[in-house]
Amino acid sequence: MTTSASPAVRRTRRPGPARPRRAAKFWTILGLLISAGFAVLPVLWMFLSSLKPNRQILQTPPRLVTGASSFAGYSKLFHDTAQLDSFRDSYLIGGAVTVLTIVVSVLAGYSLSRMDFPGKSAVMTVVIGVQSVPPISLVIPYLGLITVLGLYDSYTGLILTHLVLTFPYAIVMMTAYFDTLPRSLDEAARVDGASSMRILWQILLPISLPGVVSIGVYTFMLSWNEFLFALMLTKQHVRTVPIRISLFIGQNAVDWQAMFALSIAGSVPVLIFFLVFQRYFLGGLAAGSVKG
Amino acid sequence: MTQLTARRPAVGSPRTVPTRGRFRRGRRALIAYSFLSPALLLMIGLMFVPIGTVIYYSFLNYAIVNRPGRPHHLVGWTNYQQVLSDPLFTSSLWHTVAFSVLSVLCHLLLGLAFALLLNSQVIGRVAKGIFRTLIIIPWLFTITIVVALWRYLLLDPHGVVNFILHSLGLPTQGLAWLGQTNTALAAIIFVNVWAGYPFFMISLLAGLQGVSDELREAAWVDGANAFERFWYVTRPHLRPIIVSMSILDLIWNLQNFATIFLLTGGGPANSTNVIANYTYTTAYFDQDYTAAAASAVIILLISLVLAVAYGWSRRAMSR
């Protein structure tokens with residue numbers, strides 16, 4: 001009796017979304033607030049700390065909001081050429097890696113998506129497989145090879161090694177993106193006598209911009225975040241932002257305010273970049289991990 | 001004459017068509033490979049040659065550093081024997097396994113929980129967008145910044161985390177989370193989870209959008225509760241994404257270097273030493289590049305085995 005009654009009761013609730021809906025809404029919003037707090041509060045604490053004098057960053061008990069504010073951290077940062085240089089290094093390397101990755105992956109993706117040739121599936125398997133090669137296994141031979149080539153502590157050396165982290169993923173994503181475009185587009189152009197290069201450049205590339213942008217954003221972020229290669233293959237001439245921050249961590253008496261100021265100044269461009277391209281980026285990333 | 005020219009195609013066609021076809025196929029392959037050539041060059045120069053080199057190093061008596069008067073030569077499995085019999089290596093192997101498996105589990109649980117919350121139908125689109133952006137934020141920070149931040153928050157004895165735990169009435173005041181052998185690994189896993197769950201969440205969110213609302217509502221009409229709806233409708237749909245993402249995340253975490261190197265450097269008393277860090281210290285501080293190469297080859301082999309599993313899971317998925 002009771003067992004048969006309970007589904008019936010639930011069924012009658014469905015059209016009237018009164019109480020269970022409101023309860024569900026309450027718990028969902030509470031859960032989301034807790035999740036957002038878990039994600040954002042530490043970052044907020046870092047941001048507010050970058051505006052506090054060191055004495056207040058380390059006061060007991062710690063307070064999120066303290067009375068005094070100080071811009072000493074930021075003014076120190078903008079008057080320190082060594083720190084500004086690390087921004088130049090990171091942007092330069094990130095930019096070069098992004099451009100090169102896009103060129104390589106657009107060419108390879110076009111070939112893998114549109115042409116049939118012997119060894120194609122082997123190439124695809126290798127491209128997917130090399131993504132699992134650990135950077136720590138590569139850095140030891142790189143150290144040997146890069147010294148031989150005279151590329152130690154140089155832009156070229158770091159750009160080349162960063163490409164290793166970005167281009168296989170970019171090829172997989174670009175191939176998946178080209179696969180979503182109808183083949184009739186390039187067949188029509190081929191009938192008109194256009195070459196492969198022209199079809200790619202004038203027909204496919206313009207409508208692939210969302211895919212190119214999402215690959216570009218991801219590539220730039222990978223290069224910007226890279227730590228191991230920068231640590232082991234550069235020393236003085238080239239110093240990326242992550243390395244500069246890690247130098248703070250290694251100190252005995254950490255200048256927390258300066259470190260947080262550098263961290264915030266280093267993150268804001270990436271955050272803006274992400275917010276602007278979020279839509280493309282999440283779509284591309286999801287496509288890459290779901291089917292790519 | 002006219003007869004000849006008129007007849008020529010008829011005679012020639014059965015013979016010339018296959019050769020021209022073969023020629024065209026060859027030309028097409030040539031074009032395909034010329035488009036691929038930058039990628040192939042990068043792959044050979046930056047992957048295959050270095051991998052060959054590291055395998056070669058791992059069988060040498062010394063590499064990279066010069067030892068005047070001692071020519072280098074092959075020494076067989078000596079470096080592997082040295083590494084595998086080193087208690088530091090075996091303990092770091094176990095730390096690596098604990099670190100990666102627990103990290104993947106927590107990434108999955110948090111990513112799934114947050115994705116389910118974000119996919120809920122009871123909140124509006126704008127609110128969803130805002131919450132999604134906020135929840136992704138930790139992932140956007142470079143690992144060195146994440147580490148700097150958490151080294152501050154976990155400070156002892158009066159750090160922020162200790163203060164909050166103390167105000168909640170927990171007897172943890174003054175705990176040196178990163179400085180004690182019994183808490184350091186857990187603290188590192190926590191930081192790694194905080195920085196990494198959004199990647200899982202993004203993929204799972206995309207997967208959730210593919211679950212049909214009709215199916216879920218049908219289950220609801222049939223009297224399935226929230227858990228049953230998740231378990232019988234949503235979970236089977238997400239399973240392939242969960243499997244392949246977990247393997248991918250496991251590969252990445254096995255190779256993790258920066259988080260651990262920057263948080264503890266493997267300490268205290270090697271309680272957080274992982275194989276990537278072991279390889280780095282062997283190379284950089286001991287200057288023993290051949291033993292480091294052997295250890296690097298072992299990580300490479302473990303990763304390749306998992307990569308095969310990953311490929312296999314994707315193939316199962318597309319079927």
# chains A, B, ... in the order shown; residues from 1 in each chain; ligands from 1
>>> closest_atom_pairs(of="stretch 226-280 of chain A", to="stretch 72-87 of chain A", cutoff="6 Å", atoms="only C-alpha atoms", output="JSON lines")
{"residue": "A:Arg239", "atom": "CA", "partner": "A:Ser86", "partner_atom": "CA", "distance": 5.3}
{"residue": "A:Thr240", "atom": "CA", "partner": "A:Ser86", "partner_atom": "CA", "distance": 4.9}
{"residue": "A:Val241", "atom": "CA", "partner": "A:Ser86", "partner_atom": "CA", "distance": 5.3}
{"residue": "A:Gln257", "atom": "CA", "partner": "A:Gly73", "partner_atom": "CA", "distance": 5.4}
{"residue": "A:Ala258", "atom": "CA", "partner": "A:Gly73", "partner_atom": "CA", "distance": 4.3}
{"residue": "A:Ala261", "atom": "CA", "partner": "A:Gly73", "partner_atom": "CA", "distance": 5.4}
>>> write_last_selection(atoms="C-alpha atoms", output="PDB file, in the first residue's frame")
ATOM      1  CA  ARG A 239      63.963  34.643 -16.634  1.00  0.00           C
ATOM      2  CA  THR A 240      60.231  34.032 -16.987  1.00  0.00           C
ATOM      3  CA  VAL A 241      57.648  35.279 -14.483  1.00  0.00           C
ATOM      4  CA  GLN A 257      53.905  41.973  -0.272  1.00  0.00           C
ATOM      5  CA  ALA A 258      56.291  42.236  -3.214  1.00  0.00           C
ATOM      6  CA  ALA A 261      52.131  42.162  -6.047  1.00  0.00           C
TER       7      ALA A 261
END
>>> interface_residues(of="chain A", to="chain B", cutoff="7 Å", atoms="only C-alpha atoms", output="JSON, numbers by chain")
{"A": [7, 10, 11, 25, 28, 32, 35, 36, 39, 40, 46, 60, 61, 62, 104, 107, 108, 111, 115, 117, 129, 132, 133, 134, 136, 137, 138, 140, 141, 142, 144, 164, 225, 227, 228, 242, 245, 246, 249, 263, 267, 271, 286, 289, 290]}
>>> select_by_dssp(residues="stretch 148-319 of chain B", states="helix (DSSP H, G or I)", output="count of residues only")
123
>>> atom_distance(atom1="atom CA of A:Ala24", atom2="atom CA of B:Leu108")
23.0 Å
>>> atom_distance(atom1="atom CA of A:Ile93", atom2="atom CA of B:Ile44")
21.8 Å
>>> residues_around(residues="A:Thr234", least_positions_apart="4", cutoff="9 Å", atoms="only C-alpha atoms", output="ChimeraX atom specification")
/A:152-155,157-158,229-230,238-239
>>> write_last_selection(atoms="N, CA and C atoms", output="PDB file, in the first residue's frame")
ATOM      1  N   TYR A 152      71.709  27.230 -24.534  1.00  0.00           N
ATOM      2  CA  TYR A 152      71.436  27.316 -23.105  1.00  0.00           C
ATOM      3  C   TYR A 152      71.168  28.775 -22.734  1.00  0.00           C
ATOM      4  N   ASP A 153      70.146  29.008 -21.902  1.00  0.00           N
ATOM      5  CA  ASP A 153      69.807  30.347 -21.428  1.00  0.00           C
ATOM      6  C   ASP A 153      69.476  31.307 -22.585  1.00  0.00           C
ATOM      7  N   SER A 154      68.766  30.790 -23.599  1.00  0.00           N
ATOM      8  CA  SER A 154      68.406  31.663 -24.727  1.00  0.00           C
ATOM      9  C   SER A 154      66.904  31.582 -24.997  1.00  0.00           C
ATOM     10  N   TYR A 155      66.380  32.617 -25.660  1.00  0.00           N
ATOM     11  CA  TYR A 155      64.966  32.592 -26.047  1.00  0.00           C
ATOM     12  C   TYR A 155      64.673  31.394 -26.939  1.00  0.00           C
ATOM     13  N   GLY A 157      66.069  28.523 -27.296  1.00  0.00           N
ATOM     14  CA  GLY A 157      66.056  27.243 -26.597  1.00  0.00           C
ATOM     15  C   GLY A 157      64.754  27.021 -25.857  1.00  0.00           C
ATOM     16  N   LEU A 158      64.293  28.046 -25.135  1.00  0.00           N
ATOM     17  CA  LEU A 158      63.070  27.882 -24.349  1.00  0.00           C
ATOM     18  C   LEU A 158      61.841  27.796 -25.248  1.00  0.00           C
ATOM     19  N   PHE A 229      61.254  23.464 -17.622  1.00  0.00           N
ATOM     20  CA  PHE A 229      62.227  23.793 -18.663  1.00  0.00           C
ATOM     21  C   PHE A 229      62.884  25.146 -18.369  1.00  0.00           C
ATOM     22  N   ALA A 230      62.058  26.114 -17.936  1.00  0.00           N
ATOM     23  CA  ALA A 230      62.609  27.435 -17.617  1.00  0.00           C
ATOM     24  C   ALA A 230      63.605  27.329 -16.471  1.00  0.00           C
ATOM     25  N   VAL A 238      67.600  34.881 -19.603  1.00  0.00           N
ATOM     26  CA  VAL A 238      66.161  34.703 -19.736  1.00  0.00           C
ATOM     27  C   VAL A 238      65.603  34.291 -18.377  1.00  0.00           C
ATOM     28  N   ARG A 239      64.590  35.007 -17.898  1.00  0.00           N
ATOM     29  CA  ARG A 239      63.963  34.643 -16.634  1.00  0.00           C
ATOM     30  C   ARG A 239      62.469  34.903 -16.739  1.00  0.00           C
TER      31      ARG A 239
END
